[in-house]
$ cat entry23.cif   # mmCIF, C-alpha atoms
data_upload
#
loop_
_atom_site.group_PDB
_atom_site.id
_atom_site.type_symbol
_atom_site.label_atom_id
_atom_site.label_comp_id
_atom_site.auth_asym_id
_atom_site.auth_seq_id
_atom_site.Cartn_x
_atom_site.Cartn_y
_atom_site.Cartn_z
ATOM 1 C CA MET A 187 66.198 30.836 84.179
ATOM 2 C CA PHE A 188 67.277 29.289 87.476
ATOM 3 C CA MET A 189 70.113 31.795 87.780
ATOM 4 C CA PHE A 190 67.510 34.529 87.450
ATOM 5 C CA ILE A 191 65.385 32.840 90.142
ATOM 6 C CA LEU A 192 68.436 32.651 92.432
ATOM 7 C CA ILE A 193 69.121 36.381 92.021
ATOM 8 C CA PHE A 194 65.407 37.102 92.454
ATOM 9 C CA SER A 195 65.360 35.131 95.728
ATOM 10 C CA ILE A 196 68.269 37.200 97.051
ATOM 11 C CA MET A 197 66.470 40.437 96.153
ATOM 12 C CA PHE A 198 63.265 39.056 97.706
ATOM 13 C CA ILE A 199 65.068 38.370 101.005
ATOM 14 C CA LEU A 200 66.705 41.806 101.027
ATOM 15 C CA SER A 201 63.338 43.515 100.547
ATOM 16 C CA SER A 202 61.296 41.347 102.955
ATOM 17 C CA ASN A 203 59.848 42.835 106.118
ATOM 18 C CA SER A 204 59.049 39.590 107.975
ATOM 19 C CA TRP A 205 60.957 36.478 109.012
ATOM 20 C CA ILE A 206 58.482 34.179 107.248
ATOM 21 C CA ASN A 207 59.071 35.914 103.916
ATOM 22 C CA CYS A 208 62.816 35.607 104.519
ATOM 23 C CA TRP A 209 62.365 31.874 105.123
ATOM 24 C CA MET A 210 60.443 31.545 101.849
ATOM 25 C CA GLY A 211 63.238 33.397 100.038
ATOM 26 C CA LEU A 212 65.853 31.075 101.527
ATOM 27 C CA GLU A 213 63.926 28.022 100.329
ATOM 28 C CA ILE A 214 63.596 29.408 96.804
ATOM 29 C CA ASN A 215 67.301 30.215 96.865
ATOM 30 C CA THR A 216 68.239 26.657 97.896
ATOM 31 C CA LEU A 217 66.061 24.963 95.261
ATOM 32 C CA SER A 218 67.281 27.224 92.454
ATOM 33 C CA PHE A 219 70.926 26.612 93.393
ATOM 34 C CA LEU A 220 70.412 22.841 93.519
ATOM 35 C CA THR A 221 68.852 22.937 90.065
ATOM 36 C CA LEU A 222 71.868 24.824 88.732
ATOM 37 C CA VAL A 223 74.331 22.390 90.311
ATOM 38 C CA PHE A 224 72.672 19.037 89.645
ATOM 39 C CA ASN A 225 74.280 16.805 87.026
ATOM 40 C CA LYS A 226 73.048 13.205 87.060
ATOM 41 C CA LYS A 227 76.008 12.011 84.967
ATOM 42 C CA ILE A 228 78.477 12.714 87.800
ATOM 43 C CA LEU A 229 78.033 10.529 90.896
ATOM 44 C CA ILE A 230 79.867 12.816 93.321
ATOM 45 C CA ASN A 231 77.713 15.706 92.111
ATOM 46 C CA SER A 232 74.557 13.821 93.080
ATOM 47 C CA GLU A 233 76.071 13.184 96.513
ATOM 48 C CA PHE A 234 76.727 16.918 96.888
ATOM 49 C CA CYS A 235 73.132 17.781 95.978
ATOM 50 C CA ILE A 236 71.643 15.294 98.462
ATOM 51 C CA LYS A 237 73.873 16.332 101.375
ATOM 52 C CA TYR A 238 73.544 20.034 100.572
ATOM 53 C CA TYR A 239 69.760 19.683 100.510
ATOM 54 C CA LEU A 240 69.779 17.872 103.872
ATOM 55 C CA ILE A 241 71.964 20.514 105.528
ATOM 56 C CA GLN A 242 69.858 23.358 104.152
ATOM 57 C CA SER A 243 66.630 21.600 105.139
ATOM 58 C CA ILE A 244 67.789 21.073 108.735
ATOM 59 C CA SER A 245 68.843 24.696 109.077
ATOM 60 C CA SER A 246 65.604 25.906 107.443
ATOM 61 C CA ILE A 247 63.499 23.806 109.824
ATOM 62 C CA ASN A 248 65.336 25.288 112.797
ATOM 63 C CA PHE A 249 64.988 28.775 111.293
ATOM 64 C CA LEU A 250 61.220 28.312 110.936
ATOM 65 C CA PHE A 251 60.926 26.792 114.419
ATOM 66 C CA PHE A 252 62.606 29.757 116.109
ATOM 67 C CA ASN A 253 60.479 32.131 114.037
ATOM 68 C CA LEU A 254 57.378 30.458 115.435
ATOM 69 C CA LEU A 255 58.753 30.676 118.972
ATOM 70 C CA MET A 256 59.130 34.440 118.607
ATOM 71 C CA ASN A 257 55.374 34.715 118.019
ATOM 72 C CA LEU A 258 54.516 33.045 121.331
ATOM 73 C CA ASN A 259 53.727 34.979 124.479
ATOM 74 C CA MET A 260 56.757 33.551 126.257
ATOM 75 C CA VAL A 261 59.113 35.778 124.266
ATOM 76 C CA ASN A 262 57.891 38.794 126.186
ATOM 77 C CA GLN A 263 60.756 38.040 128.516
ATOM 78 C CA ILE A 264 63.871 39.737 127.194
ATOM 79 C CA TYR A 265 66.176 36.877 128.140
ATOM 80 C CA LEU A 266 64.177 34.282 126.208
ATOM 81 C CA PHE A 267 63.789 36.610 123.251
ATOM 82 C CA ASN A 268 67.562 37.153 123.036
ATOM 83 C CA LEU A 269 68.161 33.424 123.379
ATOM 84 C CA ILE A 270 65.809 32.675 120.480
ATOM 85 C CA LEU A 271 67.469 35.291 118.278
ATOM 86 C CA LEU A 272 70.879 33.863 119.165
ATOM 87 C CA ASN A 273 69.764 30.390 118.051
ATOM 88 C CA LEU A 274 68.293 31.942 114.926
ATOM 89 C CA ASN A 275 71.711 33.338 114.070
ATOM 90 C CA LEU A 276 73.336 29.952 114.707
ATOM 91 C CA THR A 277 71.052 28.351 112.124
ATOM 92 C CA LEU A 278 72.028 31.055 109.632
ATOM 93 C CA LEU A 279 75.717 30.362 110.327
ATOM 94 C CA MET A 280 75.075 26.699 109.594
ATOM 95 C CA LYS A 281 73.263 27.576 106.372
ATOM 96 C CA MET A 282 76.167 29.627 105.001
ATOM 97 C CA SER A 283 78.874 27.250 106.339
ATOM 98 C CA SER A 284 80.547 29.680 108.694
ATOM 99 C CA ALA A 285 82.739 28.392 111.519
ATOM 100 C CA PRO A 286 82.109 26.417 113.672
ATOM 101 C CA PHE A 287 79.550 24.846 111.273
ATOM 102 C CA HIS A 288 81.882 24.700 108.280
ATOM 103 C CA PHE A 289 82.861 21.022 108.195
ATOM 104 C CA TRP A 290 80.069 19.941 105.863
ATOM 105 C CA ILE A 291 81.131 22.209 103.005
ATOM 106 C CA ILE A 292 84.767 21.023 103.110
ATOM 107 C CA SER A 293 83.770 17.438 102.351
ATOM 108 C CA LEU A 294 81.274 18.403 99.634
ATOM 109 C CA ILE A 295 83.052 21.144 97.686
ATOM 110 C CA GLU A 296 84.838 18.670 95.374
ATOM 111 C CA GLY A 297 81.554 17.574 93.840
ATOM 112 C CA ILE A 298 80.796 20.753 91.862
ATOM 113 C CA SER A 299 82.390 22.785 89.085
ATOM 114 C CA TRP A 300 84.312 26.019 89.504
ATOM 115 C CA MET A 301 81.440 28.254 88.413
ATOM 116 C CA ASN A 302 79.060 26.577 90.866
ATOM 117 C CA THR A 303 81.735 26.926 93.543
ATOM 118 C CA PHE A 304 81.852 30.634 92.721
ATOM 119 C CA ILE A 305 78.089 30.960 93.255
ATOM 120 C CA LEU A 306 78.250 28.960 96.496
ATOM 121 C CA LEU A 307 81.068 31.072 97.969
ATOM 122 C CA THR A 308 79.684 34.477 96.939
ATOM 123 C CA PHE A 309 75.956 34.864 96.163
ATOM 124 C CA GLN A 310 74.841 32.209 98.635
ATOM 125 C CA LYS A 311 76.452 34.117 101.495
ATOM 126 C CA ILE A 312 74.559 37.362 100.989
ATOM 127 C CA PRO A 313 71.049 36.407 102.301
ATOM 128 C CA PRO A 314 72.193 34.855 105.638
ATOM 129 C CA MET A 315 74.618 37.730 106.256
ATOM 130 C CA ILE A 316 71.872 40.310 105.753
ATOM 131 C CA LEU A 317 69.531 38.392 108.069
ATOM 132 C CA ILE A 318 72.229 38.281 110.742
ATOM 133 C CA SER A 319 72.620 42.064 110.440
ATOM 134 C CA TYR A 320 69.001 42.521 111.579
ATOM 135 C CA TYR A 321 70.051 41.469 115.067
ATOM 136 C CA LEU A 322 73.599 42.515 115.814
ATOM 137 C CA ASN A 323 74.937 40.938 118.980
ATOM 138 C CA PHE A 324 78.492 42.290 118.981
ATOM 139 C CA LYS A 325 79.851 39.881 121.607
ATOM 140 C CA PHE A 326 78.459 36.944 119.640
ATOM 141 C CA LEU A 327 79.933 38.224 116.366
ATOM 142 C CA ILE A 328 83.354 38.762 117.948
ATOM 143 C CA ILE A 329 83.430 35.084 118.960
ATOM 144 C CA ILE A 330 82.401 34.033 115.431
ATOM 145 C CA ILE A 331 85.103 36.288 113.931
ATOM 146 C CA ILE A 332 87.770 34.634 116.100
ATOM 147 C CA LEU A 333 86.569 31.133 115.138
ATOM 148 C CA ASN A 334 86.577 31.985 111.426
ATOM 149 C CA CYS A 335 90.099 33.395 111.678
ATOM 150 C CA PHE A 336 91.304 30.252 113.428
ATOM 151 C CA PHE A 337 89.654 27.589 111.263
ATOM 152 C CA GLY A 338 89.954 29.476 107.978
ATOM 153 C CA SER A 339 93.653 30.264 108.250
ATOM 154 C CA LEU A 340 94.933 27.003 109.741
ATOM 155 C CA GLY A 341 92.615 24.644 107.841
ATOM 156 C CA GLY A 342 94.066 25.409 104.423
ATOM 157 C CA LEU A 343 97.694 24.692 105.320
ATOM 158 C CA ASN A 344 97.672 20.938 104.623
ATOM 159 C CA GLN A 345 95.345 20.954 101.605
ATOM 160 C CA LEU A 346 96.306 19.914 98.079
ATOM 161 C CA ASN A 347 92.883 20.462 96.529
ATOM 162 C CA ILE A 348 92.538 24.027 95.194
ATOM 163 C CA GLN A 349 88.782 24.074 95.788
ATOM 164 C CA LYS A 350 89.297 23.224 99.457
ATOM 165 C CA ILE A 351 91.992 25.883 99.754
ATOM 166 C CA MET A 352 89.645 28.515 98.335
ATOM 167 C CA THR A 353 86.869 27.270 100.623
ATOM 168 C CA TYR A 354 89.051 27.705 103.704
ATOM 169 C CA SER A 355 89.983 31.131 102.352
ATOM 170 C CA SER A 356 86.277 31.895 102.114
ATOM 171 C CA ILE A 357 85.777 30.786 105.724
ATOM 172 C CA TYR A 358 88.567 33.135 106.792
ATOM 173 C CA ASN A 359 86.995 36.005 104.846
ATOM 174 C CA PHE A 360 83.838 35.509 106.892
ATOM 175 C CA SER A 361 85.695 37.331 109.665
ATOM 176 C CA TRP A 362 86.058 40.409 107.442
ATOM 177 C CA MET A 363 82.444 40.131 106.295
ATOM 178 C CA PHE A 364 81.172 40.076 109.875
ATOM 179 C CA SER A 365 83.452 42.979 110.717
ATOM 180 C CA SER A 366 82.146 44.968 107.755
ATOM 181 C CA ILE A 367 78.518 44.316 108.654
ATOM 182 C CA MET A 368 79.213 45.515 112.202
ATOM 183 C CA ILE A 369 80.220 48.835 110.630
ATOM 184 C CA SER A 370 77.420 49.291 108.075
ATOM 185 C CA GLU A 371 75.552 47.466 105.325
ATOM 186 C CA ASN A 372 77.196 49.716 102.720
ATOM 187 C CA MET A 373 80.593 48.547 103.929
ATOM 188 C CA PHE A 374 79.466 44.931 103.684
ATOM 189 C CA PHE A 375 78.206 45.334 100.117
ATOM 190 C CA PHE A 376 81.434 47.071 99.113
ATOM 191 C CA PHE A 377 83.470 44.190 100.549
ATOM 192 C CA ILE A 378 81.312 41.466 98.957
ATOM 193 C CA ILE A 379 81.463 43.176 95.539
ATOM 194 C CA VAL A 380 85.264 43.334 95.629
ATOM 195 C CA TYR A 381 85.496 39.779 96.995
ATOM 196 C CA THR A 382 83.145 38.506 94.272
ATOM 197 C CA MET A 383 85.176 40.253 91.578
ATOM 198 C CA ILE A 384 88.446 38.673 92.765
ATOM 199 C CA LEU A 385 86.961 35.183 93.085
ATOM 200 C CA TYR A 386 85.414 35.460 89.625
ATOM 201 C CA ASN A 387 88.842 36.195 88.166
ATOM 202 C CA LEU A 388 90.515 33.254 89.899
ATOM 203 C CA PHE A 389 87.773 30.697 89.342
ATOM 204 C CA ASN A 390 87.476 31.632 85.673
ATOM 205 C CA ILE A 391 91.205 30.977 85.223
ATOM 206 C CA PHE A 392 91.043 27.681 87.152
ATOM 207 C CA ASN A 393 88.061 26.626 85.047
ATOM 208 C CA TYR A 394 89.876 27.643 81.853
ATOM 209 C CA PHE A 395 92.842 25.385 82.675
ATOM 210 C CA ASN A 396 90.680 22.680 84.304
ATOM 211 C CA LEU A 397 92.683 22.920 87.541
ATOM 212 C CA TYR A 398 91.615 21.185 90.739
ATOM 213 C CA PHE A 399 94.891 20.134 92.431
ATOM 214 C CA ILE A 400 98.160 21.935 93.172
ATOM 215 C CA ASN A 401 100.291 19.402 91.270
ATOM 216 C CA GLN A 402 98.377 20.307 88.078
ATOM 217 C CA LEU A 403 99.871 23.795 88.272
ATOM 218 C CA TYR A 404 103.256 22.370 87.211
ATOM 219 C CA LEU A 405 101.781 21.143 83.921
ATOM 220 C CA ILE A 406 100.380 24.430 82.633
ATOM 221 C CA LYS A 407 102.057 25.903 79.606
ATOM 222 C CA SER A 408 103.806 29.134 80.559
ATOM 223 C CA ASN A 409 101.797 32.250 79.756
ATOM 224 C CA LYS A 410 103.007 35.524 81.246
ATOM 225 C CA LEU A 411 99.598 37.201 81.060
ATOM 226 C CA ILE A 412 97.851 34.341 82.881
ATOM 227 C CA ILE A 413 100.627 34.196 85.474
ATOM 228 C CA LEU A 414 100.287 37.939 86.053
ATOM 229 C CA MET A 415 96.517 37.670 86.489
ATOM 230 C CA ILE A 416 96.784 34.812 89.003
ATOM 231 C CA PHE A 417 99.567 36.631 90.850
ATOM 232 C CA LEU A 418 97.589 39.907 91.076
ATOM 233 C CA ASN A 419 94.326 38.312 92.161
ATOM 234 C CA LEU A 420 95.851 36.043 94.805
ATOM 235 C CA LEU A 421 97.779 38.922 96.345
ATOM 236 C CA SER A 422 94.659 41.075 96.210
ATOM 237 C CA LEU A 423 92.641 38.314 97.898
ATOM 238 C CA GLY A 424 95.304 38.056 100.581
ATOM 239 C CA GLY A 425 95.124 41.806 101.268
ATOM 240 C CA MET A 426 98.524 42.889 99.987
ATOM 241 C CA PRO A 427 98.913 46.605 99.174
ATOM 242 C CA PRO A 428 98.346 48.356 96.805
ATOM 243 C CA PHE A 429 95.647 46.039 95.434
ATOM 244 C CA ILE A 430 91.943 46.578 95.902
ATOM 245 C CA GLY A 431 91.643 43.641 98.321
ATOM 246 C CA PHE A 432 93.923 45.598 100.648
ATOM 247 C CA ILE A 433 91.755 48.727 100.361
ATOM 248 C CA THR A 434 88.656 46.956 101.684
ATOM 249 C CA LYS A 435 90.491 45.405 104.630
ATOM 250 C CA TRP A 436 92.256 48.690 105.344
ATOM 251 C CA ILE A 437 88.945 50.580 105.601
ATOM 252 C CA ILE A 438 87.406 47.872 107.810
ATOM 253 C CA SER A 439 90.489 47.859 110.058
ATOM 254 C CA PHE A 440 90.335 51.650 110.302
ATOM 255 C CA PHE A 441 86.826 51.502 111.795
ATOM 256 C CA MET A 442 87.329 48.346 113.866
ATOM 257 C CA ILE A 443 90.578 49.358 115.549
ATOM 258 C CA MET A 444 88.847 52.027 117.624
ATOM 259 C CA ASN A 445 86.917 49.481 119.704
ATOM 260 C CA TRP A 446 88.321 46.009 118.969
ATOM 261 C CA ASN A 447 92.032 46.519 118.296
ATOM 262 C CA ILE A 448 92.980 43.008 119.499
ATOM 263 C CA ILE A 449 90.506 41.445 117.043
ATOM 264 C CA VAL A 450 91.955 43.489 114.171
ATOM 265 C CA LEU A 451 95.443 42.297 115.098
ATOM 266 C CA LEU A 452 94.218 38.679 115.062
ATOM 267 C CA MET A 453 92.631 39.106 111.618
ATOM 268 C CA ILE A 454 95.775 40.687 110.196
ATOM 269 C CA MET A 455 98.004 37.946 111.622
ATOM 270 C CA SER A 456 95.658 35.306 110.207
ATOM 271 C CA SER A 457 95.896 36.934 106.781
ATOM 272 C CA LEU A 458 99.637 36.206 106.818
ATOM 273 C CA ILE A 459 98.873 32.487 107.150
ATOM 274 C CA ASN A 460 96.439 32.803 104.240
ATOM 275 C CA LEU A 461 99.134 34.471 102.155
ATOM 276 C CA TYR A 462 101.347 31.440 102.800
ATOM 277 C CA TYR A 463 99.038 29.010 101.032
ATOM 278 C CA TYR A 464 98.253 31.590 98.346
ATOM 279 C CA MET A 465 101.985 31.608 97.633
ATOM 280 C CA GLN A 466 101.790 27.818 97.280
ATOM 281 C CA LEU A 467 99.538 28.419 94.275
ATOM 282 C CA ILE A 468 101.854 31.069 92.819
ATOM 283 C CA TYR A 469 105.093 29.135 93.392
ATOM 284 C CA PRO A 470 104.758 26.646 90.469
ATOM 285 C CA PHE A 471 104.147 29.485 88.013
ATOM 286 C CA ILE A 472 107.212 31.556 88.857
ATOM 287 C CA THR A 473 109.885 28.967 89.717
ATOM 288 C CA MET A 474 109.426 25.795 87.668
ATOM 289 C CA ILE A 475 109.673 24.969 83.967
ATOM 290 C CA LYS A 476 106.219 24.025 82.683
ATOM 291 C CA LEU A 477 105.245 21.118 80.464
ATOM 292 C CA GLU A 478 102.323 21.492 78.099
ATOM 293 C CA ASN A 479 99.175 19.865 79.421
ATOM 294 C CA LYS A 480 97.980 17.457 76.715
ATOM 295 C CA TRP A 481 94.470 17.185 78.150
ATOM 296 C CA LEU A 482 93.981 20.938 78.593
ATOM 297 C CA ILE A 483 90.405 21.914 77.882
ATOM 298 C CA LYS A 484 90.371 25.001 75.672
ATOM 299 C CA ASN A 485 87.532 27.173 76.868
ATOM 300 C CA LYS A 486 87.064 30.769 75.886
ATOM 301 C CA MET A 487 88.642 33.099 78.423
ATOM 302 C CA ASN A 488 86.165 35.711 79.583
ATOM 303 C CA LYS A 489 87.329 39.277 78.899
ATOM 304 C CA LEU A 490 85.899 40.386 82.249
ATOM 305 C CA THR A 491 88.712 38.449 83.924
ATOM 306 C CA LEU A 492 91.298 40.637 82.184
ATOM 307 C CA ILE A 493 89.405 43.817 83.029
ATOM 308 C CA PHE A 494 88.936 42.956 86.716
ATOM 309 C CA SER A 495 92.536 41.792 87.090
ATOM 310 C CA TYR A 496 93.997 45.028 85.756
ATOM 311 C CA PHE A 497 91.523 46.989 87.845
ATOM 312 C CA SER A 498 93.347 45.634 90.906
ATOM 313 C CA LEU A 499 96.435 47.591 89.813
ATOM 314 C CA PHE A 500 94.613 50.899 89.975
ATOM 315 C CA SER A 501 92.837 50.426 93.290
ATOM 316 C CA LEU A 502 94.739 53.184 95.070
ATOM 317 C CA ILE A 503 93.400 55.727 92.581
ATOM 318 C CA PHE A 504 89.860 55.031 93.820
ATOM 319 C CA SER A 505 90.702 54.542 97.504
ATOM 320 C CA SER A 506 90.259 58.195 98.502
ATOM 321 C CA MET A 507 86.828 58.324 96.866
ATOM 322 C CA LEU A 508 85.748 55.095 98.597
ATOM 323 C CA ILE A 509 86.801 56.386 102.022
ATOM 324 C CA LEU A 510 84.662 59.476 101.471
ATOM 325 C CA ILE A 511 81.648 57.275 100.676
ATOM 326 C CA PHE A 512 81.879 55.273 103.908
#
$ encode --input "entry23.cif" --output "structure tokens"
Amino acid sequence: MFMFILIFSIMFILSSNSWINCWMGLEINTLSFLTLVFNKKILINSEFCIKYYLIQSISSINFLFFNLLMNLNMVNQIYLFNLILLNLNLTLLMKMSSAPFHFWIISLIEGISWMNTFILLTFQKIPPMILISYYLNFKFLIIIIILNCFFGSLGGLNQLNIQKIMTYSSIYNFSWMFSSIMISENMFFFFIIVYTMILYNLFNIFNYFNLYFINQLYLIKSNKLIILMIFLNLLSLGGMPPFIGFITKWIISFFMIMNWNIIVLLMIMSSLINLYYYMQLIYPFITMIKLENKWLIKNKMNKLTLIFSYFSLFSLIFSSMLILIF
């Protein structure tokens, strides 16, 4: 039921025609997500819920405050109006944990399960991104893209926790999301669908093996099919050709290079750093002899993971059709 409410809140925000309705949708979205995440039996989970609620409340208060300022007579001046909208976007960046407001999510991400992490890093990003697209300040977004490239690529280098690595990867992918939304909303939705599909594959596998740290990768019993799926999805997430993750970044780069070629070069160079710590996750599977994990939790592997993983192999077949769409 609360998953349905969360999806409903996203649809409500996308269809709203006023900032107040968007604020109401954001509040419904936050409360439904907290209800999904909360588990009173796990202490660190309760800590996550309290801190997440505080962060979202602070950003929502600021969001509502700047909405009220826009209704005053003083915003007739263009300079003040642009300043208020700029602060409105900063509160949205804080709400979705984009750089430079990303530090809170790094310390809290360990307190939730893989499936809740999947929701936090995918569905929870859509409403703030759409609200930011209503006021596109290109100079502002370019600065945010550079910050996300810097913090997202370098932050994951010294991490041993897989959840933190994927969180830093998500922060880096904010740069591609902002780039896609500068092109069109259709391009953004295409990127977020592909990104969601890849993360679902990886997080389902990590949840299946109960993996949270890199040293646990050495204890997984060797399975060529699972190794292939992890290998394909990590390379696709890193943007290696010919996988579908490369297709999305290739199309975005094609449109961005006409006006912001230096920014595209920075994003591509940052993706190489991301590939380095993706290879850290692949390395134990392909080089070391595995021992069977005695405490492995046997969950049922979702068949969608197999379907989406093999779909990455055939991405080039659909690339020409996707280019025609956008």
$ closest_residue --input "entry23.cif" --among "A:Tyr239, A:Tyr320, A:Tyr265, A:Phe440" --to "A:Trp205" --atoms "only C-alpha atoms"
A:Tyr320
$ residues_around --input "entry23.cif" --residues "A:Met426" --least-positions-apart "4" --cutoff "12 Å" --atoms "only C-alpha atoms" --output "list in words"
Phe417, Leu418, Asn419, Leu420, Leu421, Ser422, Ile430, Gly431, Phe432, Ile433, Thr434, Lys435, Trp436, Ile454, Ser457, Leu458, Asn460, Leu461, Tyr464, Ser498, Leu499 and Ser501 of chain A
$ residues_around --input "entry23.cif" --residues "A:Leu276" --least-positions-apart "6" --cutoff "10 Å" --atoms "only C-alpha atoms" --output "ChimeraX atom specification"
/A:245,248-249,270,284,286-287,318,326,330
$ closest_residue --input "entry23.cif" --among "A:Asn372, A:Ser204, A:Asn323, A:Asn257" --to "A:Leu272" --atoms "all atoms listed in the file"
A:Asn323
$ residues_near_point --input "entry23.cif" --point "(82.2, 39.4, 109.2)" --cutoff "10 Å" --atoms "all atoms listed in the file" --output "short mmCIF file (atom, residue, chain, number, x, y, z; two decimals) with C-alpha atoms, keeping the file's coordinate frame"
data_model
loop_
_atom_site.label_atom_id
_atom_site.label_comp_id
_atom_site.auth_asym_id
_atom_site.auth_seq_id
_atom_site.Cartn_x
_atom_site.Cartn_y
_atom_site.Cartn_z
CA SER A 284 80.55 29.68 108.69
CA MET A 315 74.62 37.73 106.26
CA LEU A 327 79.93 38.22 116.37
CA ILE A 328 83.35 38.76 117.95
CA ILE A 330 82.40 34.03 115.43
CA ILE A 331 85.10 36.29 113.93
CA ASN A 334 86.58 31.98 111.43
CA ILE A 357 85.78 30.79 105.72
CA TYR A 358 88.57 33.14 106.79
CA ASN A 359 87.00 36.01 104.85
CA PHE A 360 83.84 35.51 106.89
CA SER A 361 85.70 37.33 109.66
CA TRP A 362 86.06 40.41 107.44
CA MET A 363 82.44 40.13 106.30
CA PHE A 364 81.17 40.08 109.88
CA SER A 365 83.45 42.98 110.72
CA SER A 366 82.15 44.97 107.76
CA ILE A 367 78.52 44.32 108.65
CA MET A 368 79.21 45.52 112.20
CA ILE A 369 80.22 48.84 110.63
CA PHE A 374 79.47 44.93 103.68
CA PHE A 377 83.47 44.19 100.55
#
